[in-house]
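protein07.txt, holding compact mmCIF, C-alpha atoms and all ligand atoms:
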```txt
# COMPACT_ATOMS: atom_id res chain seq x y z
CA MET Z 253 -15.55 -34.33 -64.53
CA GLU Z 254 -14.65 -37.62 -66.16
CA GLU Z 255 -13.03 -40.32 -64.05
CA LEU Z 256 -9.79 -41.50 -65.66
CA LEU Z 257 -8.72 -44.28 -63.40
CA SER Z 258 -9.56 -45.95 -60.15
CA VAL Z 259 -7.47 -48.24 -57.94
CA LYS Z 260 -8.19 -50.10 -54.74
CA TYR Z 261 -5.70 -51.58 -52.26
CA ASP Z 262 -6.52 -53.81 -49.30
CA VAL Z 263 -4.84 -52.77 -46.06
CA VAL Z 264 -4.16 -55.47 -43.49
CA SER Z 265 -4.29 -54.85 -39.74
CA GLY Z 266 -0.92 -55.13 -37.99
CA ASP Z 267 1.07 -55.65 -41.19
CA PHE Z 268 3.94 -53.23 -40.63
CA ILE Z 269 6.04 -54.84 -43.33
CA ARG Z 270 3.60 -54.16 -46.16
CA GLY Z 271 2.09 -51.08 -44.54
CA GLY Z 272 2.84 -48.15 -46.82
CA GLU Z 273 2.70 -50.17 -50.03
CA ALA Z 274 -0.69 -48.84 -51.08
CA SER Z 275 0.75 -45.33 -50.83
CA SER Z 276 3.94 -46.33 -52.67
CA ASN Z 277 1.93 -47.91 -55.50
CA LEU Z 278 -0.28 -44.87 -55.77
CA LYS Z 279 2.80 -42.66 -55.90
CA LYS Z 280 4.26 -44.61 -58.82
CA LEU Z 281 0.96 -44.33 -60.67
CA LEU Z 282 0.75 -40.56 -60.13
CA ASN Z 283 4.32 -40.09 -61.29
CA GLN Z 284 3.53 -42.07 -64.46
CA LEU Z 285 0.54 -39.82 -65.05
CA GLY Z 286 2.81 -36.79 -64.77
CA VAL Z 287 1.17 -35.21 -61.73
CA ARG Z 288 3.25 -32.30 -60.34
CA SER Z 289 5.75 -33.53 -57.73
CA ASP Z 290 4.68 -31.17 -54.93
CA ILE Z 291 1.09 -32.39 -55.38
CA VAL Z 292 2.23 -36.01 -55.41
CA LYS Z 293 4.02 -35.39 -52.13
CA ARG Z 294 0.87 -34.06 -50.46
CA ILE Z 295 -1.10 -37.03 -51.74
CA CYS Z 296 1.59 -39.40 -50.42
CA VAL Z 297 1.59 -37.86 -46.95
CA ALA Z 298 -2.20 -38.05 -46.67
CA CYS Z 299 -2.44 -41.55 -48.10
CA TYR Z 300 0.40 -42.93 -45.97
CA GLU Z 301 -1.06 -41.59 -42.73
CA ALA Z 302 -4.52 -42.95 -43.57
CA GLU Z 303 -3.03 -46.28 -44.56
CA MET Z 304 -0.95 -46.61 -41.39
CA ASN Z 305 -3.94 -45.68 -39.24
CA ILE Z 306 -5.79 -48.65 -40.73
CA VAL Z 307 -2.75 -50.88 -40.05
CA ILE Z 308 -2.26 -49.66 -36.47
CA HIS Z 309 -5.70 -48.81 -35.16
CA SER Z 310 -8.20 -50.92 -37.10
CA VAL Z 311 -9.14 -54.51 -37.88
CA GLY Z 312 -8.35 -53.83 -41.54
CA GLY Z 313 -9.84 -52.12 -44.54
CA TYR Z 314 -8.92 -50.62 -47.87
CA ILE Z 315 -7.78 -47.53 -49.70
CA GLU Z 316 -9.50 -46.51 -52.88
CA ALA Z 317 -8.29 -43.74 -55.14
CA LYS Z 318 -10.26 -42.21 -57.97
CA ILE Z 319 -8.27 -40.09 -60.34
CA TYR Z 320 -9.91 -37.41 -62.45
CA ASN Z 321 -8.47 -34.87 -64.91
CA ASP Z 322 -8.17 -32.24 -62.24
CA LYS Z 323 -8.15 -34.02 -58.88
CA ILE Z 324 -7.74 -37.20 -56.87
CA GLU Z 325 -10.33 -38.49 -54.45
CA ILE Z 326 -9.06 -40.93 -51.83
CA THR Z 327 -11.25 -43.01 -49.55
CA ALA Z 328 -9.69 -44.85 -46.60
CA TYR Z 329 -12.25 -47.22 -45.13
CA ASP Z 330 -11.92 -49.75 -42.32
CA TYR Z 331 -14.26 -52.12 -40.54
CA GLY Z 332 -13.79 -50.81 -37.00
CA PRO Z 333 -13.39 -50.40 -34.07
CA GLY Z 334 -14.27 -46.80 -35.00
CA ILE Z 335 -13.36 -43.53 -33.30
CA PRO Z 336 -15.47 -42.57 -30.25
CA ASN Z 337 -14.52 -38.89 -30.23
CA ILE Z 338 -13.44 -37.49 -33.59
CA GLU Z 339 -12.78 -34.00 -32.28
CA LEU Z 340 -10.32 -35.42 -29.76
CA ALA Z 341 -8.71 -37.73 -32.34
CA MET Z 342 -8.11 -34.74 -34.63
CA GLN Z 343 -6.09 -32.93 -31.95
CA GLU Z 344 -2.35 -32.86 -32.54
CA GLY Z 345 -0.61 -35.12 -30.02
CA TYR Z 346 -3.65 -37.23 -29.13
CA SER Z 347 -2.95 -40.93 -29.62
CA THR Z 348 -4.13 -44.30 -28.36
CA ALA Z 349 -1.32 -46.19 -30.14
CA SER Z 350 0.01 -49.26 -28.33
CA ASP Z 351 3.46 -49.35 -26.73
CA VAL Z 352 4.66 -51.59 -29.54
CA ALA Z 353 3.49 -49.09 -32.17
CA ARG Z 354 5.09 -46.22 -30.22
CA GLU Z 355 8.42 -48.01 -30.05
CA MET Z 356 8.26 -48.22 -33.83
CA GLY Z 357 7.89 -44.46 -34.09
CA PHE Z 358 4.13 -44.28 -34.50
CA GLY Z 359 1.76 -42.66 -32.04
CA GLY Z 360 2.81 -39.02 -32.31
CA GLY Z 361 -0.83 -38.10 -32.75
CA MET Z 362 0.11 -36.26 -35.93
CA GLY Z 363 -1.39 -38.49 -38.61
CA LEU Z 364 -4.92 -37.11 -38.84
CA PRO Z 365 -3.73 -33.46 -38.63
CA ASN Z 366 -1.18 -34.26 -41.36
CA ILE Z 367 -3.94 -35.66 -43.57
CA LYS Z 368 -6.11 -32.61 -43.07
CA ARG Z 369 -3.25 -30.20 -43.72
CA SER Z 370 -2.21 -32.02 -46.89
CA SER Z 371 -5.64 -32.14 -48.47
CA ASP Z 372 -7.88 -29.54 -50.10
CA GLU Z 373 -11.02 -31.22 -48.78
CA PHE Z 374 -11.16 -33.57 -45.81
CA TYR Z 375 -14.10 -35.55 -44.42
CA ILE Z 376 -14.09 -38.07 -41.60
CA LYS Z 377 -16.95 -40.28 -40.45
CA SER Z 378 -16.96 -43.06 -37.90
CA GLU Z 379 -19.31 -45.26 -35.97
CA VAL Z 380 -18.02 -47.15 -32.93
CA GLY Z 381 -18.01 -50.91 -33.52
CA LYS Z 382 -18.64 -50.43 -37.22
CA PHE Z 383 -16.31 -48.35 -39.38
CA THR Z 384 -14.10 -45.33 -39.94
CA GLU Z 385 -14.12 -43.56 -43.29
CA ILE Z 386 -11.81 -40.78 -44.38
CA LYS Z 387 -12.35 -39.02 -47.68
CA ILE Z 388 -9.93 -36.52 -49.08
CA ILE Z 389 -9.73 -34.53 -52.27
CA ILE Z 390 -6.57 -32.96 -53.64
CA TYR Z 391 -6.60 -30.84 -56.80
CA PHE Z 392 -3.83 -31.08 -59.37
CA ASN Z 393 -3.47 -27.40 -60.22
CA MET G 95 27.17 -34.29 -53.15
CA LYS G 96 26.19 -37.91 -53.75
CA VAL G 97 25.37 -40.65 -51.27
CA LYS G 98 28.59 -42.46 -52.18
CA ASP G 99 30.63 -39.37 -51.25
CA ILE G 100 29.09 -39.49 -47.76
CA VAL G 101 29.73 -43.22 -47.52
CA ASP G 102 33.42 -42.64 -48.29
CA ALA G 103 33.88 -39.58 -46.09
CA LEU G 104 32.16 -41.03 -43.02
CA ASN G 105 33.30 -44.59 -43.61
CA LEU G 106 29.72 -45.88 -43.57
CA LYS G 107 28.76 -49.50 -44.07
CA VAL G 108 26.32 -50.01 -46.96
CA LEU G 109 23.80 -52.51 -45.60
CA ALA G 110 21.45 -52.36 -48.59
CA GLY G 111 20.28 -50.25 -51.50
CA GLY G 112 23.70 -50.08 -53.18
CA ASP G 113 21.94 -49.27 -56.46
CA GLY G 114 21.02 -45.87 -55.04
CA LEU G 115 24.51 -44.64 -54.16
CA ASP G 116 24.42 -42.10 -57.00
CA ARG G 117 21.44 -40.31 -55.49
CA GLU G 118 21.92 -36.62 -54.79
CA VAL G 119 22.00 -35.49 -51.13
CA LYS G 120 20.53 -32.12 -50.20
CA GLY G 121 20.26 -31.55 -46.48
CA VAL G 122 19.94 -33.81 -43.47
CA TYR G 123 16.93 -34.68 -41.36
CA THR G 124 16.95 -36.54 -38.07
CA CYS G 125 13.88 -37.69 -36.15
CA ASP G 126 12.38 -41.03 -35.09
CA LEU G 127 8.70 -40.10 -34.91
CA LEU G 128 7.40 -41.20 -38.28
CA SER G 129 4.43 -38.88 -38.71
CA TRP G 130 6.70 -35.98 -37.75
CA VAL G 131 9.19 -37.05 -40.38
CA MET G 132 6.33 -37.39 -42.87
CA SER G 133 5.34 -33.76 -42.43
CA HIS G 134 8.81 -32.20 -42.17
CA GLY G 135 11.23 -34.31 -44.22
CA LYS G 136 12.26 -32.98 -47.63
CA GLN G 137 13.22 -34.54 -50.95
CA ASN G 138 16.86 -35.68 -51.18
CA ASN G 139 17.45 -35.40 -47.43
CA ALA G 140 19.75 -37.92 -45.79
CA TRP G 141 17.60 -39.27 -42.95
CA ILE G 142 19.19 -40.31 -39.66
CA THR G 143 16.99 -42.59 -37.55
CA VAL G 144 17.24 -45.37 -34.97
CA GLN G 145 14.10 -47.02 -36.38
CA ILE G 146 15.00 -50.26 -38.17
CA HIS G 147 11.70 -51.81 -39.28
CA PRO G 148 10.58 -52.01 -42.95
CA ASN G 149 8.19 -49.09 -42.69
CA ILE G 150 11.14 -46.65 -42.70
CA ILE G 151 11.71 -47.61 -46.33
CA ALA G 152 8.10 -46.72 -47.15
CA VAL G 153 8.67 -43.32 -45.53
CA ALA G 154 11.99 -42.81 -47.32
CA THR G 155 10.47 -43.79 -50.67
CA LEU G 156 7.41 -41.59 -50.31
CA LEU G 157 9.49 -38.57 -49.32
CA GLU G 158 12.25 -39.39 -51.83
CA PHE G 159 15.00 -39.32 -49.24
CA SER G 160 18.45 -39.95 -50.68
CA CYS G 161 19.42 -42.48 -48.00
CA VAL G 162 18.79 -43.70 -44.46
CA ILE G 163 21.65 -43.52 -41.95
CA ILE G 164 21.45 -45.80 -38.91
CA PRO G 165 23.62 -44.59 -36.00
CA GLU G 166 25.58 -46.47 -33.32
CA ASN G 167 25.95 -49.68 -35.29
CA ILE G 168 22.34 -50.67 -34.70
CA GLU G 169 21.46 -53.88 -36.54
CA VAL G 170 18.75 -53.49 -39.16
CA GLU G 171 15.95 -56.00 -39.77
CA GLU G 172 16.35 -58.27 -42.80
CA ALA G 173 12.92 -57.33 -44.18
CA THR G 174 13.97 -53.67 -44.12
CA LEU G 175 17.11 -54.40 -46.12
CA ASN G 176 15.16 -56.42 -48.70
CA LYS G 177 12.73 -53.59 -49.17
CA ALA G 178 15.59 -51.08 -49.40
CA ASN G 179 17.15 -53.16 -52.19
CA ASP G 180 13.81 -53.23 -54.05
CA GLU G 181 13.39 -49.47 -53.74
CA LYS G 182 17.09 -48.64 -54.27
CA ILE G 183 17.26 -46.65 -51.03
CA PRO G 184 20.74 -46.92 -49.50
CA VAL G 185 20.68 -47.98 -45.84
CA LEU G 186 23.95 -46.95 -44.25
CA GLN G 187 25.29 -47.88 -40.85
CA SER G 188 27.62 -45.76 -38.73
CA ASN G 189 29.44 -46.32 -35.46
CA LEU G 190 28.84 -42.63 -34.60
CA ASN G 191 25.72 -41.37 -32.82
CA ALA G 192 23.18 -39.14 -34.56
CA TYR G 193 24.76 -35.94 -33.21
CA GLU G 194 28.24 -36.91 -34.33
CA ILE G 195 26.94 -37.89 -37.77
CA CYS G 196 25.33 -34.45 -38.12
CA ILE G 197 28.63 -32.78 -37.24
CA GLU G 198 30.52 -34.81 -39.84
CA LEU G 199 27.88 -34.11 -42.52
CA ASN G 200 28.01 -30.44 -41.66
CA LYS G 201 31.79 -30.45 -42.10
CA LEU G 202 31.25 -31.95 -45.56
CA GLY G 203 28.94 -29.06 -46.40
CA VAL G 204 25.79 -31.17 -46.78
N1 LIG A 401 -8.76 -45.87 -38.62
C1 LIG A 401 -8.86 -45.67 -37.30
N2 LIG A 401 -9.60 -46.52 -36.52
C2 LIG A 401 -9.71 -46.31 -35.18
N3 LIG A 401 -9.12 -45.30 -34.54
C3 LIG A 401 -8.39 -44.42 -35.25
C4 LIG A 401 -8.23 -44.56 -36.66
N4 LIG A 401 -7.46 -43.54 -37.11
C5 LIG A 401 -7.15 -42.80 -36.02
N5 LIG A 401 -7.71 -43.32 -34.90
C6 LIG A 401 -7.65 -42.76 -33.53
O1 LIG A 401 -7.28 -41.39 -33.61
C7 LIG A 401 -6.04 -41.19 -32.91
C8 LIG A 401 -5.21 -40.12 -33.60
O2 LIG A 401 -4.81 -40.57 -34.90
P1 LIG A 401 -3.49 -39.93 -35.56
O3 LIG A 401 -3.26 -40.59 -36.86
O4 LIG A 401 -3.61 -38.46 -35.56
O5 LIG A 401 -2.35 -40.31 -34.50
P2 LIG A 401 -1.66 -41.74 -34.23
O6 LIG A 401 -1.99 -42.69 -35.34
O7 LIG A 401 -2.03 -42.19 -32.87
O8 LIG A 401 -0.11 -41.37 -34.26
P3 LIG A 401 0.75 -41.00 -35.57
O9 LIG A 401 -0.20 -40.88 -36.72
O10 LIG A 401 1.42 -39.71 -35.26
O11 LIG A 401 1.72 -42.12 -35.74
C9 LIG A 401 -5.39 -42.56 -32.86
O12 LIG A 401 -4.47 -42.70 -31.82
C10 LIG A 401 -6.62 -43.46 -32.67
O13 LIG A 401 -7.06 -43.41 -31.33
MG MG A 402 -1.74 -42.11 -37.34
```
How does this structure look as structure tokens?
Amino acid sequence: MEELLSVKYDVVSGDFIRGGEASSNLKKLLNQLGVRSDIVKRICVACYEAEMNIVIHSVGGYIEAKIYNDKIEITAYDYGPGIPNIELAMQEGYSTASDVAREMGFGGGMGLPNIKRSSDEFYIKSEVGKFTEIKIIIYFN
Amino acid sequence: MKVKDIVDALNLKVLAGGDGLDREVKGVYTCDLLSWVMSHGKQNNAWITVQIHPNIIAVATLLEFSCVIIPENIEVEEATLNKANDEKIPVLQSNLNAYEICIELNKLGV
């Protein structure tokens, strides 16, 4: 399937002010493209949670979205510290968020489950000390 | 029901996002855990939260909430208000607590 458009946003560690902007920009783009609103919402939830995980848990990274006729493919990549136990991290309620992040309303341990639930395909890879990569696909129909 | 109707009825203070006062309100949601809000909040909800940092505007924008209501006269960060103005999301302050705000909104039929 032909790729229509691709965008890439840097995500900065600890930047709670700008955190969420990649997702907001992507949302505006999808609305312009006329993607169905319930689909846009699922994309927003997944993208926001992935973006905030990079802000809160990582040293920084990026979000890349590739838009095709029939689907969107989002990659959230960061440069570490990685996730030692992915199975544990995927469990609802599990969180290593700092006290500061918790006071701000993060750290429910719901982000990764939300991403998985919102997407049609979900892949997560990580290597401790190196990277975490989340790939999701959501279809438009 | 519009946001401005709620502002008038509950005597709320409009801290920012005055351009969004014509937004439609359908239902109320109250929770302070952001990823919980992300998965349960619905379009056009009025969102009651004690969180005051700029990220709440990202959440409100992504979910297309009609407004954010801050209870108990909590002061809101400047950066949050700036972002709310940019995104036209009304940020409203009340002297009531979250429970009392819900009661008043319920009386209004929201
Ligand atoms: N990009 C990442 N880099 C390193 N660790 C991560 C990353 N994303 C998630 N984790 C780990 O997985 C855990 C669970 O993530 P999840 O998003 O489900 O919850 P949370 O971010 O802690 O809280 P919430 O998303 O509800 O605010 C995190 O607490 C963290 O330990
Ligand atoms: Mg998270």
Looking at all atoms listed in the file, which of Z:Gly286, Z:Gly313, Z:Gly334, Z:Gly363 is the one that sits closest to chain G?
Z:Gly363
What does the list of residues within 9 Å of ligand LIG 401 (chain A) look like if you count only C-alpha atoms and all ligand atoms, written as a count of residues only?
58
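With distances restricted to all atoms listed in the file, Z:Tyr300 is the closest residue to ligand MG 402 (chain A) from Z:Tyr300, Z:Glu273, Z:Ser265, Z:Leu256.
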In Å to one decimal, how far is atom CA of Z:Lys318 from atom CA of Z:Asp262?
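One can read the atom CA of Z:Asp262 to atom CA of Z:Lys318 distance as 15.0 Å.
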Just to confirm, what's the straight-line distance from atom CA of Z:Gly271 to atom CA of G:Ile150 in Å (one decimal)?
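Result for atom CA of Z:Gly271 versus atom CA of G:Ile150: 10.2 Å, one decimal.
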In Å, how far is it from atom CA of G:Gln187 to atom CA of G:Gly121?
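Between these atoms lies a distance of 18.0 Å.
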If you count all atoms listed in the file, which residues fall within 9 Å of Z:Asp322, apart from same-chain ones fewer than 6 positions away, as number ranges by chain?
Z: 253, 390-393
Near G:Glu169, counting all atoms listed in the file, which residues have an atom at most 12 Å away, once you skip same-chain residues fewer than 4 positions from it, shown as a list in words?
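The residues satisfying every condition are Lys107, Leu109, Val144, Gln145, Ile146, His147, Ile163, Ile164, Pro165, Ala173, Thr174, Leu175, Val185, Leu186, Gln187, Ser188 and Asn189 of chain G.
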Give me, as an MDAnalysis selection string, all polymer residues having an atom no more than 10 Å from G:Ala178, counting only C-alpha atoms and skipping those fewer than 2 positions away in the same chain.
chainID G and resid 109:114 148 150:152 154:155 161:162 172:176 180:185
Calculated over all atoms listed in the file, which of the candidates G:Glu166, G:Asp126, G:Glu118, G:Asp102 has the smallest distance to chain Z?
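With all atoms listed in the file as the atom set, the closest residue is G:Asp126.
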From the set G:Ala140, G:Val101, G:Ile197, G:Met132, which residue has the shortest atom-to-atom contact distance to ligand MG 402 (chain A), counting all atoms listed in the file?
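Checking each candidate against ligand MG 402 (chain A), we get G:Met132 as the closest.
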Using all atoms listed in the file: which of Z:Ile388, Z:Ala274, Z:Val352, Z:Cys299 has the shortest distance to ligand MG 402 (chain A)
Z:Cys299
Around all of stretch 127-144 of chain G's listed atoms, make the axis-aligned box with 5 Å on each side and tell me centre and edge lengths in Å to one decimal, as JSON.
```
{"center_x": 12.1, "center_y": -38.8, "center_z": -43.0, "size_x": 25.3, "size_y": 23.2, "size_z": 26.3}
```
Tell me which protein, DNA and RNA residues are within 10 Å of Z:Ile295, counting only C-alpha atoms, leaving out same-chain ones fewer than 4 positions away, and put them as a PDB file with C-alpha atoms, in the frame of the given file.
```pdb
ATOM      1  CA  SER Z 275       0.750 -45.330 -50.830  1.00  0.00           C
ATOM      2  CA  LEU Z 278      -0.280 -44.870 -55.770  1.00  0.00           C
ATOM      3  CA  LYS Z 279       2.800 -42.660 -55.900  1.00  0.00           C
ATOM      4  CA  LEU Z 282       0.750 -40.560 -60.130  1.00  0.00           C
ATOM      5  CA  SER Z 289       5.750 -33.530 -57.730  1.00  0.00           C
ATOM      6  CA  ASP Z 290       4.680 -31.170 -54.930  1.00  0.00           C
ATOM      7  CA  ILE Z 291       1.090 -32.390 -55.380  1.00  0.00           C
ATOM      8  CA  CYS Z 299      -2.440 -41.550 -48.100  1.00  0.00           C
ATOM      9  CA  TYR Z 300       0.400 -42.930 -45.970  1.00  0.00           C
ATOM     10  CA  ILE Z 324      -7.740 -37.200 -56.870  1.00  0.00           C
ATOM     11  CA  GLU Z 325     -10.330 -38.490 -54.450  1.00  0.00           C
ATOM     12  CA  ILE Z 326      -9.060 -40.930 -51.830  1.00  0.00           C
ATOM     13  CA  ILE Z 367      -3.940 -35.660 -43.570  1.00  0.00           C
ATOM     14  CA  SER Z 370      -2.210 -32.020 -46.890  1.00  0.00           C
ATOM     15  CA  SER Z 371      -5.640 -32.140 -48.470  1.00  0.00           C
ATOM     16  CA  ILE Z 388      -9.930 -36.520 -49.080  1.00  0.00           C
ATOM     17  CA  ILE Z 389      -9.730 -34.530 -52.270  1.00  0.00           C
ATOM     18  CA  ILE Z 390      -6.570 -32.960 -53.640  1.00  0.00           C
ATOM     19  CA  TYR Z 391      -6.600 -30.840 -56.800  1.00  0.00           C
TER      20      TYR Z 391
ATOM     21  CA  LEU G 156       7.410 -41.590 -50.310  1.00  0.00           C
TER      22      LEU G 156
END
```
Using all atoms listed in the file for the distances, tell me which of G:Val153, G:Met95, G:Ile100, G:Leu199 is nearest to chain Z.
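Under the stated criterion, the closest residue is G:Val153.
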Protein, DNA and RNA residues within 12 Å of (17.1, -32.8, -49.0), only C-alpha atoms, as a CSV table (one decimal) with C-alpha atoms, in the frame of the given file:
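Once everything was written out, this is point15.csv:
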```
chain,number,residue,atom,x,y,z
G,95,MET,CA,27.2,-34.3,-53.2
G,96,LYS,CA,26.2,-37.9,-53.8
G,97,VAL,CA,25.4,-40.6,-51.3
G,117,ARG,CA,21.4,-40.3,-55.5
G,118,GLU,CA,21.9,-36.6,-54.8
G,119,VAL,CA,22.0,-35.5,-51.1
G,120,LYS,CA,20.5,-32.1,-50.2
G,121,GLY,CA,20.3,-31.6,-46.5
G,122,VAL,CA,19.9,-33.8,-43.5
G,123,TYR,CA,16.9,-34.7,-41.4
G,124,THR,CA,17.0,-36.5,-38.1
G,134,HIS,CA,8.8,-32.2,-42.2
G,135,GLY,CA,11.2,-34.3,-44.2
G,136,LYS,CA,12.3,-33.0,-47.6
G,137,GLN,CA,13.2,-34.5,-51.0
G,138,ASN,CA,16.9,-35.7,-51.2
G,139,ASN,CA,17.4,-35.4,-47.4
G,140,ALA,CA,19.8,-37.9,-45.8
G,141,TRP,CA,17.6,-39.3,-43.0
G,154,ALA,CA,12.0,-42.8,-47.3
G,157,LEU,CA,9.5,-38.6,-49.3
G,158,GLU,CA,12.2,-39.4,-51.8
G,159,PHE,CA,15.0,-39.3,-49.2
G,160,SER,CA,18.4,-40.0,-50.7
G,161,CYS,CA,19.4,-42.5,-48.0
G,162,VAL,CA,18.8,-43.7,-44.5
G,204,VAL,CA,25.8,-31.2,-46.8
```
